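What follows is the content of model-v2.cif, which has mmCIF, C-alpha atoms:
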```
data_start
loop_
_atom_site.group_PDB
_atom_site.id
_atom_site.type_symbol
_atom_site.label_atom_id
_atom_site.label_comp_id
_atom_site.auth_asym_id
_atom_site.auth_seq_id
_atom_site.Cartn_x
_atom_site.Cartn_y
_atom_site.Cartn_z
ATOM 1 C CA MET V 1 0.000 0.000 0.000
ATOM 2 C CA SER V 2 1.490 3.328 -1.013
ATOM 3 C CA SER V 3 1.690 6.388 1.174
ATOM 4 C CA ARG V 4 -0.868 8.111 -1.086
ATOM 5 C CA GLU V 5 -3.346 5.327 -0.316
ATOM 6 C CA ASP V 6 -2.532 5.545 3.378
ATOM 7 C CA GLU V 7 -3.480 9.208 3.262
ATOM 8 C CA GLY V 8 -6.838 8.326 1.725
ATOM 9 C CA HIS V 9 -6.034 9.059 -1.922
ATOM 10 C CA ILE V 10 -8.534 7.187 -4.092
ATOM 11 C CA PRO V 11 -7.196 6.408 -7.571
ATOM 12 C CA ARG V 12 -9.834 6.825 -10.260
ATOM 13 C CA GLY V 13 -11.118 3.610 -11.733
ATOM 14 C CA ARG V 14 -9.676 1.278 -9.137
ATOM 15 C CA PRO V 15 -12.125 -1.255 -7.682
ATOM 16 C CA THR V 16 -13.149 -0.477 -4.125
ATOM 17 C CA TRP V 17 -11.497 -3.599 -2.737
ATOM 18 C CA GLN V 18 -8.121 -2.564 -4.190
ATOM 19 C CA ARG V 19 -8.125 0.838 -2.512
ATOM 20 C CA GLY V 20 -6.685 1.930 0.782
ATOM 21 C CA ARG V 21 -8.767 1.912 3.935
ATOM 22 C CA ALA V 22 -10.309 5.342 3.342
ATOM 23 C CA GLY V 23 -11.110 4.392 -0.236
ATOM 24 C CA ARG V 24 -12.744 1.140 0.841
ATOM 25 C CA PHE V 25 -15.007 2.973 3.283
ATOM 26 C CA TRP V 26 -15.871 5.702 0.774
ATOM 27 C CA GLY V 27 -16.689 3.065 -1.823
ATOM 28 C CA GLY V 28 -18.786 1.324 0.813
ATOM 29 C CA LEU V 29 -21.072 4.342 1.090
ATOM 30 C CA VAL V 30 -21.815 4.120 -2.622
ATOM 31 C CA ASP V 31 -22.319 0.358 -2.393
ATOM 32 C CA TYR V 32 -24.671 0.782 0.576
ATOM 33 C CA VAL V 33 -26.856 3.250 -1.346
ATOM 34 C CA ARG V 34 -27.082 0.831 -4.272
ATOM 35 C CA THR V 35 -27.813 -2.086 -1.957
ATOM 36 C CA ALA V 36 -30.503 -0.131 -0.112
ATOM 37 C CA TRP V 37 -32.217 0.710 -3.415
ATOM 38 C CA TRP V 38 -31.917 -2.926 -4.582
ATOM 39 C CA GLY V 39 -33.177 -4.304 -1.279
ATOM 40 C CA LEU V 40 -35.866 -1.823 -0.234
ATOM 41 C CA VAL V 41 -37.129 0.157 -3.208
ATOM 42 C CA SER V 42 -36.751 -1.940 -6.345
ATOM 43 C CA PRO V 43 -38.744 -5.001 -5.141
ATOM 44 C CA ARG V 44 -41.704 -2.815 -4.236
ATOM 45 C CA ALA V 45 -41.578 -0.222 -7.024
ATOM 46 C CA SER V 46 -40.667 -2.008 -10.228
ATOM 47 C CA GLU V 47 -40.826 -5.801 -9.817
ATOM 48 C CA SER V 48 -43.917 -7.955 -10.262
ATOM 49 C CA ARG V 49 -42.337 -11.352 -9.560
ATOM 50 C CA THR V 50 -40.396 -12.691 -6.622
ATOM 51 C CA LEU V 51 -36.688 -12.742 -7.300
ATOM 52 C CA VAL V 52 -35.119 -16.212 -7.534
ATOM 53 C CA VAL V 53 -31.438 -16.617 -6.668
ATOM 54 C CA VAL V 54 -29.514 -19.826 -7.346
ATOM 55 C CA GLN V 55 -26.558 -20.671 -5.104
ATOM 56 C CA ALA V 56 -23.975 -23.459 -5.095
ATOM 57 C CA VAL V 57 -22.420 -25.363 -2.227
ATOM 58 C CA ILE V 58 -19.340 -26.570 -4.141
ATOM 59 C CA LEU V 59 -17.622 -29.396 -2.279
ATOM 60 C CA SER V 60 -14.227 -30.804 -3.159
ATOM 61 C CA ASP V 61 -13.616 -34.534 -3.613
ATOM 62 C CA GLU V 62 -11.304 -34.657 -0.614
ATOM 63 C CA THR V 63 -12.053 -36.471 2.634
ATOM 64 C CA PRO V 64 -13.203 -34.509 4.516
ATOM 65 C CA PRO V 65 -14.392 -32.154 1.778
ATOM 66 C CA ARG V 66 -13.775 -28.438 1.622
ATOM 67 C CA VAL V 67 -16.266 -25.873 0.378
ATOM 68 C CA LEU V 68 -15.560 -23.077 -2.083
ATOM 69 C CA LEU V 69 -16.617 -19.663 -0.789
ATOM 70 C CA SER V 70 -16.295 -16.273 -2.436
ATOM 71 C CA ILE V 71 -16.130 -12.594 -1.495
ATOM 72 C CA ARG V 72 -17.945 -10.148 -3.742
ATOM 73 C CA SER V 73 -16.527 -6.820 -4.867
ATOM 74 C CA ASP V 74 -19.429 -4.744 -3.500
ATOM 75 C CA LEU V 75 -20.382 -6.275 -0.135
ATOM 76 C CA PHE V 76 -17.429 -7.787 1.687
ATOM 77 C CA GLY V 77 -18.041 -11.123 3.379
ATOM 78 C CA TRP V 78 -17.866 -14.813 2.529
ATOM 79 C CA GLU V 79 -20.793 -16.288 0.621
ATOM 80 C CA LEU V 80 -21.868 -19.099 -1.702
ATOM 81 C CA PRO V 81 -21.269 -18.461 -5.417
ATOM 82 C CA GLY V 82 -24.377 -17.921 -7.511
ATOM 83 C CA GLY V 83 -26.719 -15.366 -9.002
ATOM 84 C CA THR V 84 -30.020 -14.792 -10.771
ATOM 85 C CA PRO V 85 -31.347 -16.638 -13.844
ATOM 86 C CA GLU V 86 -31.681 -14.696 -17.059
ATOM 87 C CA PRO V 87 -35.122 -14.555 -18.758
ATOM 88 C CA GLY V 88 -36.020 -18.016 -20.025
ATOM 89 C CA GLU V 89 -33.025 -19.646 -18.340
ATOM 90 C CA SER V 90 -33.566 -22.696 -16.122
ATOM 91 C CA PRO V 91 -32.237 -22.633 -12.528
ATOM 92 C CA ASP V 92 -29.782 -25.447 -13.315
ATOM 93 C CA ALA V 93 -28.363 -23.641 -16.346
ATOM 94 C CA ALA V 94 -28.211 -20.351 -14.456
ATOM 95 C CA LEU V 95 -26.303 -21.955 -11.610
ATOM 96 C CA ARG V 96 -23.679 -23.471 -13.901
ATOM 97 C CA ARG V 97 -23.294 -20.193 -15.790
ATOM 98 C CA GLU V 98 -23.027 -18.043 -12.670
ATOM 99 C CA VAL V 99 -20.530 -20.380 -11.024
ATOM 100 C CA PHE V 100 -18.355 -20.393 -14.137
ATOM 101 C CA GLU V 101 -18.475 -16.596 -14.418
ATOM 102 C CA GLU V 102 -17.596 -16.099 -10.753
ATOM 103 C CA THR V 103 -15.103 -18.915 -10.175
ATOM 104 C CA GLY V 104 -13.896 -20.261 -13.525
ATOM 105 C CA LEU V 105 -15.186 -23.725 -12.600
ATOM 106 C CA GLU V 106 -17.531 -26.035 -14.453
ATOM 107 C CA VAL V 107 -19.693 -27.837 -11.919
ATOM 108 C CA GLU V 108 -22.124 -30.714 -11.845
ATOM 109 C CA ILE V 109 -25.264 -30.436 -9.734
ATOM 110 C CA VAL V 110 -25.378 -33.346 -7.304
ATOM 111 C CA ALA V 111 -28.499 -32.545 -5.300
ATOM 112 C CA HIS V 112 -31.077 -29.883 -4.531
ATOM 113 C CA VAL V 113 -30.470 -28.777 -0.931
ATOM 114 C CA GLY V 114 -33.591 -26.674 -0.548
ATOM 115 C CA ASP V 115 -35.442 -23.407 -1.113
ATOM 116 C CA TRP V 116 -35.325 -20.497 1.336
ATOM 117 C CA ARG V 117 -38.152 -17.989 0.893
ATOM 118 C CA ARG V 118 -36.969 -14.795 2.552
ATOM 119 C CA GLU V 119 -39.029 -11.755 3.434
ATOM 120 C CA GLY V 120 -38.076 -8.371 4.822
ATOM 121 C CA PHE V 121 -35.002 -6.861 3.195
ATOM 122 C CA ARG V 122 -34.874 -7.860 -0.475
ATOM 123 C CA PRO V 123 -37.635 -10.526 -0.676
ATOM 124 C CA HIS V 124 -36.422 -13.476 -2.705
ATOM 125 C CA VAL V 125 -36.239 -17.249 -2.972
ATOM 126 C CA ALA V 126 -32.763 -18.745 -2.588
ATOM 127 C CA ARG V 127 -32.526 -22.111 -4.361
ATOM 128 C CA VAL V 128 -29.443 -23.944 -3.120
ATOM 129 C CA TYR V 129 -27.714 -26.914 -4.776
ATOM 130 C CA ARG V 130 -24.860 -29.180 -3.744
ATOM 131 C CA CYS V 131 -22.283 -29.350 -6.536
ATOM 132 C CA ARG V 132 -18.986 -30.916 -7.463
ATOM 133 C CA VAL V 133 -16.251 -29.653 -9.768
ATOM 134 C CA VAL V 134 -15.914 -31.376 -13.129
ATOM 135 C CA HIS V 135 -13.371 -29.073 -14.754
ATOM 136 C CA GLY V 136 -11.351 -25.927 -14.184
ATOM 137 C CA THR V 137 -9.171 -24.117 -11.694
ATOM 138 C CA PRO V 138 -10.638 -21.601 -9.237
ATOM 139 C CA THR V 139 -10.100 -18.175 -10.743
ATOM 140 C CA PRO V 140 -11.295 -14.892 -9.213
ATOM 141 C CA SER V 141 -13.309 -12.437 -11.273
ATOM 142 C CA ASP V 142 -14.114 -8.730 -11.170
ATOM 143 C CA GLU V 143 -17.318 -9.664 -9.348
ATOM 144 C CA THR V 144 -15.662 -12.090 -6.924
ATOM 145 C CA PRO V 145 -12.063 -10.984 -6.250
ATOM 146 C CA ARG V 146 -11.491 -13.601 -3.529
ATOM 147 C CA LEU V 147 -12.109 -17.359 -3.521
ATOM 148 C CA ALA V 148 -11.065 -19.921 -0.948
ATOM 149 C CA TRP V 149 -11.482 -23.613 -0.151
ATOM 150 C CA LEU V 150 -12.512 -23.629 3.515
ATOM 151 C CA ASP V 151 -13.647 -26.065 6.175
ATOM 152 C CA PRO V 152 -17.463 -26.363 5.877
ATOM 153 C CA GLN V 153 -17.693 -27.723 9.413
ATOM 154 C CA ASP V 154 -16.024 -24.587 10.764
ATOM 155 C CA PRO V 155 -16.865 -21.769 8.336
ATOM 156 C CA PRO V 156 -15.288 -18.340 8.829
ATOM 157 C CA HIS V 157 -16.910 -15.832 11.155
ATOM 158 C CA GLU V 158 -17.205 -13.535 8.139
ATOM 159 C CA LEU V 159 -19.660 -15.883 6.405
ATOM 160 C CA PHE V 160 -22.927 -13.994 5.968
ATOM 161 C CA PRO V 161 -25.442 -15.517 8.408
ATOM 162 C CA TRP V 162 -28.078 -16.602 5.879
ATOM 163 C CA TYR V 163 -25.615 -19.057 4.297
ATOM 164 C CA ARG V 164 -24.931 -21.073 7.439
ATOM 165 C CA GLU V 165 -27.998 -23.316 7.422
ATOM 166 C CA PRO V 166 -27.849 -24.123 3.668
ATOM 167 C CA LEU V 167 -24.168 -24.981 4.020
ATOM 168 C CA ALA V 168 -24.758 -27.227 7.024
ATOM 169 C CA LEU V 169 -27.616 -29.093 5.333
ATOM 170 C CA ALA V 170 -25.611 -29.587 2.142
ATOM 171 C CA LEU V 171 -23.034 -31.640 4.031
ATOM 172 C CA ASP V 172 -25.517 -34.482 4.648
ATOM 173 C CA PRO V 173 -25.855 -36.526 1.426
ATOM 174 C CA ARG V 174 -28.939 -38.301 2.836
ATOM 175 C CA ALA V 175 -30.865 -35.092 3.527
ATOM 176 C CA ARG V 176 -33.960 -34.396 1.454
ATOM 177 C CA PRO V 177 -34.625 -30.920 0.026
ATOM 178 C CA VAL V 178 -36.096 -28.525 2.566
ATOM 179 C CA ARG V 179 -38.392 -25.542 2.316
ATOM 180 C CA ARG V 180 -37.838 -22.698 4.741
ATOM 181 C CA ARG V 181 -39.425 -19.314 5.355
ATOM 182 C CA GLU V 182 -37.236 -16.644 6.904
ATOM 183 C CA ARG V 183 -37.361 -12.950 7.588
ATOM 184 C CA GLN V 184 -34.268 -10.881 7.031
ATOM 185 C CA GLY V 185 -34.807 -8.183 9.579
ATOM 186 C CA PHE V 186 -32.624 -5.731 11.451
ATOM 187 C CA ARG V 187 -30.439 -8.338 13.176
ATOM 188 C CA ALA V 188 -29.447 -10.070 9.932
ATOM 189 C CA ILE V 189 -28.701 -6.776 8.181
ATOM 190 C CA ALA V 190 -26.749 -5.440 11.165
ATOM 191 C CA ARG V 191 -24.657 -8.615 11.258
ATOM 192 C CA ALA V 192 -23.961 -8.343 7.530
ATOM 193 C CA MET V 193 -22.907 -4.703 7.909
ATOM 194 C CA TRP V 194 -20.606 -5.609 10.794
ATOM 195 C CA ILE V 195 -18.932 -8.276 8.635
ATOM 196 C CA ASP V 196 -18.622 -5.887 5.696
ATOM 197 C CA LEU V 197 -17.229 -3.008 7.764
ATOM 198 C CA GLY V 198 -14.721 -5.315 9.438
ATOM 199 C CA MET V 199 -13.344 -6.401 6.079
ATOM 200 C CA ARG V 200 -13.255 -2.807 4.848
ATOM 201 C CA TRP V 201 -11.162 -1.927 7.902
ATOM 202 C CA ARG V 202 -8.755 -4.882 7.553
ATOM 203 C CA GLY V 203 -8.824 -5.274 3.791
ATOM 204 C CA LEU V 204 -9.647 -8.468 1.916
ATOM 205 C CA PRO V 205 -7.693 -11.576 2.913
ATOM 206 C CA PRO V 206 -4.824 -12.600 0.614
ATOM 207 C CA MET V 207 -5.612 -14.872 -2.316
ATOM 208 C CA GLU V 208 -4.348 -18.261 -1.199
ATOM 209 C CA ILE V 209 -6.151 -21.008 -3.059
ATOM 210 C CA GLU V 210 -5.330 -24.344 -4.617
ATOM 211 C CA PRO V 211 -7.468 -26.268 -7.100
ATOM 212 C CA ALA V 212 -9.686 -29.000 -5.667
ATOM 213 C CA GLU V 213 -8.170 -32.444 -5.954
#
```

Rewritten as structure tokens:
Amino acid sequence: MSSREDEGHIPRGRPTWQRGRAGRFWGGLVDYVRTAWWGLVSPRASESRTLVVVQAVILSDETPPRVLLSIRSDLFGWELPGGTPEPGESPDAALRREVFEETGLEVEIVAHVGDWRREGFRPHVARVYRCRVVHGTPTPSDETPRLAWLDPQDPPHELFPWYREPLALALDPRARPVRRRERQGFRAIARAMWIDLGMRWRGLPPMEIEPAE
């Protein structure tokens, strides 16, 4: 980190996560405004259908397995890779596309873990699948600048709270798909902000990742 970054200089065009501490916090204000619009205004003002999000619990073939988690470039914290289907795209196809775009991996869907219908901040349905890697090497993207194979039995404290139950259920190969209803209220959002602000203060962890065996 240069002295100019230490003093809070924000180079034009640099992603928020590459900036110094002051730049990361300033970028966070912009990201928070966008997130607030996306989570509070857009669902109620311009959307007629419930948003569906597909997410992947990608487990390695090791014993015990590790899980691939990512950190996004706009809200800092560990999460499951995934995204939203495009018009006319099936959830399975969307999941494979999103995972490839975010991680560089081609995955095979092994099982449907469950659907989480969430109300409150950003109403949506999270459809979670257990997956395995069939080809590729984990490669970060502009959207997900950090990837890591981590212990699913002891996930990092910086894992956003709404991913903990899907991850735990995905570890049981005998489990049947579940349906859950949740409300993302003040406590969940406050916890997510605490995780995000902590990473903005410390900076993103170094990129230390090896391909799954």

Task: Spatial neighbours of Thr139 in chain V, 8 Å, all atoms listed in the file, chain gap at least 2 places, as a list in words - done: Glu102, Thr103, Gly104, Leu105, Thr137, Ser141 and Leu147 of chain V

Open item on the list: Suppose a student applies the PyMOL selection byres ((chain V and resi 207) around 9) to this structure; what residues should they get, written as a count of residues only?
Closed with: 10

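Counting all atoms listed in the file and comparing V:Asp31, V:Glu158, V:Asp74, V:Glu182, the residue that lies closest to Glu119 in chain V is V:Glu182.
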
Open item on the list: Here is a test: counting all atoms listed in the file, which residue of V:Val128, V:Arg14, V:Pro173, V:Pro43 is nearest to Gly83 in chain V?
Closed with: V:Val128

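Closest approach to Arg132 in chain V from the set V:Met199, V:Phe186, V:Trp78, V:Ile58 is made by V:Ile58, with distances taken over only C-alpha atoms.
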
The centre and edge lengths of an axis-aligned box containing all atoms of range 14-18 of chain V present in the file, extended by 3 Å on each side, are to be given in Å to one decimal, as JSON.
```
{"center_x": -10.6, "center_y": -1.2, "center_z": -5.9, "size_x": 11.0, "size_y": 10.9, "size_z": 12.4}
```

Open item on the list: As an exercise, work out the distance from CA of Leu51 in chain V to CA of Arg96 in chain V in Å and give it to one decimal place.
Closed with: 18.1 Å

Open item on the list: Please expand the PyMOL selection byres ((chain V and resi 118) around 9) into the concrete residues it hits in this file, giving the result as a ChimeraX atom specification.
Closed with: /V:116-117,119-126,180-184

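Between CA of Trp162 in chain V and CA of Thr35 in chain V the interatomic distance comes to 16.5 Å.
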
Task: Separation of CA of Phe160 in chain V from CA of Arg176 in chain V in Å - done: 23.6 Å

TODO: Give as a VMD selection string the set of residues within 12 Å of the point (-15.9, -7.8, 11.4), where distances use the file's coordinates and only C-alpha atoms.
DONE: chain V and resid 76 to 78 156 to 160 190 to 204

Open item on the list: Please list as an NGL selection string every residue within 12 Å of Leu167 in chain V, counting all atoms listed in the file and excluding residues in the same chain fewer than 6 positions away.
Closed with: :V and (55-59 or 66-69 or 79-81 or 113-114 or 128-131 or 150-155 or 159-161 or 173)

What does the PyMOL selection byres ((chain V and resi 26) around 12) select in this file, as an mmCIF file with C-alpha atoms, in the frame of the given file?
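So the final result, stored in part_20.cif, reads:
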```cif
data_model
loop_
_atom_site.group_PDB
_atom_site.id
_atom_site.type_symbol
_atom_site.label_atom_id
_atom_site.label_comp_id
_atom_site.auth_asym_id
_atom_site.auth_seq_id
_atom_site.Cartn_x
_atom_site.Cartn_y
_atom_site.Cartn_z
ATOM 1 C CA GLY V 8 -6.838 8.326 1.725
ATOM 2 C CA HIS V 9 -6.034 9.059 -1.922
ATOM 3 C CA ILE V 10 -8.534 7.187 -4.092
ATOM 4 C CA PRO V 15 -12.125 -1.255 -7.682
ATOM 5 C CA THR V 16 -13.149 -0.477 -4.125
ATOM 6 C CA TRP V 17 -11.497 -3.599 -2.737
ATOM 7 C CA ARG V 19 -8.125 0.838 -2.512
ATOM 8 C CA GLY V 20 -6.685 1.930 0.782
ATOM 9 C CA ARG V 21 -8.767 1.912 3.935
ATOM 10 C CA ALA V 22 -10.309 5.342 3.342
ATOM 11 C CA GLY V 23 -11.110 4.392 -0.236
ATOM 12 C CA ARG V 24 -12.744 1.140 0.841
ATOM 13 C CA PHE V 25 -15.007 2.973 3.283
ATOM 14 C CA GLY V 27 -16.689 3.065 -1.823
ATOM 15 C CA GLY V 28 -18.786 1.324 0.813
ATOM 16 C CA LEU V 29 -21.072 4.342 1.090
ATOM 17 C CA VAL V 30 -21.815 4.120 -2.622
ATOM 18 C CA ASP V 31 -22.319 0.358 -2.393
ATOM 19 C CA TYR V 32 -24.671 0.782 0.576
ATOM 20 C CA VAL V 33 -26.856 3.250 -1.346
ATOM 21 C CA ASP V 74 -19.429 -4.744 -3.500
ATOM 22 C CA LEU V 197 -17.229 -3.008 7.764
ATOM 23 C CA ARG V 200 -13.255 -2.807 4.848
ATOM 24 C CA TRP V 201 -11.162 -1.927 7.902
#
```

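Closest approach to Glu98 in chain V among V:Glu143, V:Asp61, V:Glu165, V:Asp172 is made by V:Glu143 (distances from all atoms listed in the file).
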
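Distances from V:Tyr163, V:His112, V:Ser48, V:Arg34 to Ala188 in chain V were compared using only C-alpha atoms, and the smallest one belongs to V:Tyr163.
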
Just range 167-206 of chain V from the block, C-alpha atoms, as a PDB file, in the first residue's frame, could you?
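Result file result_36.pdb:
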```pdb
ATOM      1  CA  LEU V 167     -24.168 -24.981   4.020  1.00  0.00           C
ATOM      2  CA  ALA V 168     -24.758 -27.227   7.024  1.00  0.00           C
ATOM      3  CA  LEU V 169     -27.616 -29.093   5.333  1.00  0.00           C
ATOM      4  CA  ALA V 170     -25.611 -29.587   2.142  1.00  0.00           C
ATOM      5  CA  LEU V 171     -23.034 -31.640   4.031  1.00  0.00           C
ATOM      6  CA  ASP V 172     -25.517 -34.482   4.648  1.00  0.00           C
ATOM      7  CA  PRO V 173     -25.855 -36.526   1.426  1.00  0.00           C
ATOM      8  CA  ARG V 174     -28.939 -38.301   2.836  1.00  0.00           C
ATOM      9  CA  ALA V 175     -30.865 -35.092   3.527  1.00  0.00           C
ATOM     10  CA  ARG V 176     -33.960 -34.396   1.454  1.00  0.00           C
ATOM     11  CA  PRO V 177     -34.625 -30.920   0.026  1.00  0.00           C
ATOM     12  CA  VAL V 178     -36.096 -28.525   2.566  1.00  0.00           C
ATOM     13  CA  ARG V 179     -38.392 -25.542   2.316  1.00  0.00           C
ATOM     14  CA  ARG V 180     -37.838 -22.698   4.741  1.00  0.00           C
ATOM     15  CA  ARG V 181     -39.425 -19.314   5.355  1.00  0.00           C
ATOM     16  CA  GLU V 182     -37.236 -16.644   6.904  1.00  0.00           C
ATOM     17  CA  ARG V 183     -37.361 -12.950   7.588  1.00  0.00           C
ATOM     18  CA  GLN V 184     -34.268 -10.881   7.031  1.00  0.00           C
ATOM     19  CA  GLY V 185     -34.807  -8.183   9.579  1.00  0.00           C
ATOM     20  CA  PHE V 186     -32.624  -5.731  11.451  1.00  0.00           C
ATOM     21  CA  ARG V 187     -30.439  -8.338  13.176  1.00  0.00           C
ATOM     22  CA  ALA V 188     -29.447 -10.070   9.932  1.00  0.00           C
ATOM     23  CA  ILE V 189     -28.701  -6.776   8.181  1.00  0.00           C
ATOM     24  CA  ALA V 190     -26.749  -5.440  11.165  1.00  0.00           C
ATOM     25  CA  ARG V 191     -24.657  -8.615  11.258  1.00  0.00           C
ATOM     26  CA  ALA V 192     -23.961  -8.343   7.530  1.00  0.00           C
ATOM     27  CA  MET V 193     -22.907  -4.703   7.909  1.00  0.00           C
ATOM     28  CA  TRP V 194     -20.606  -5.609  10.794  1.00  0.00           C
ATOM     29  CA  ILE V 195     -18.932  -8.276   8.635  1.00  0.00           C
ATOM     30  CA  ASP V 196     -18.622  -5.887   5.696  1.00  0.00           C
ATOM     31  CA  LEU V 197     -17.229  -3.008   7.764  1.00  0.00           C
ATOM     32  CA  GLY V 198     -14.721  -5.315   9.438  1.00  0.00           C
ATOM     33  CA  MET V 199     -13.344  -6.401   6.079  1.00  0.00           C
ATOM     34  CA  ARG V 200     -13.255  -2.807   4.848  1.00  0.00           C
ATOM     35  CA  TRP V 201     -11.162  -1.927   7.902  1.00  0.00           C
ATOM     36  CA  ARG V 202      -8.755  -4.882   7.553  1.00  0.00           C
ATOM     37  CA  GLY V 203      -8.824  -5.274   3.791  1.00  0.00           C
ATOM     38  CA  LEU V 204      -9.647  -8.468   1.916  1.00  0.00           C
ATOM     39  CA  PRO V 205      -7.693 -11.576   2.913  1.00  0.00           C
ATOM     40  CA  PRO V 206      -4.824 -12.600   0.614  1.00  0.00           C
TER      41      PRO V 206
END
```
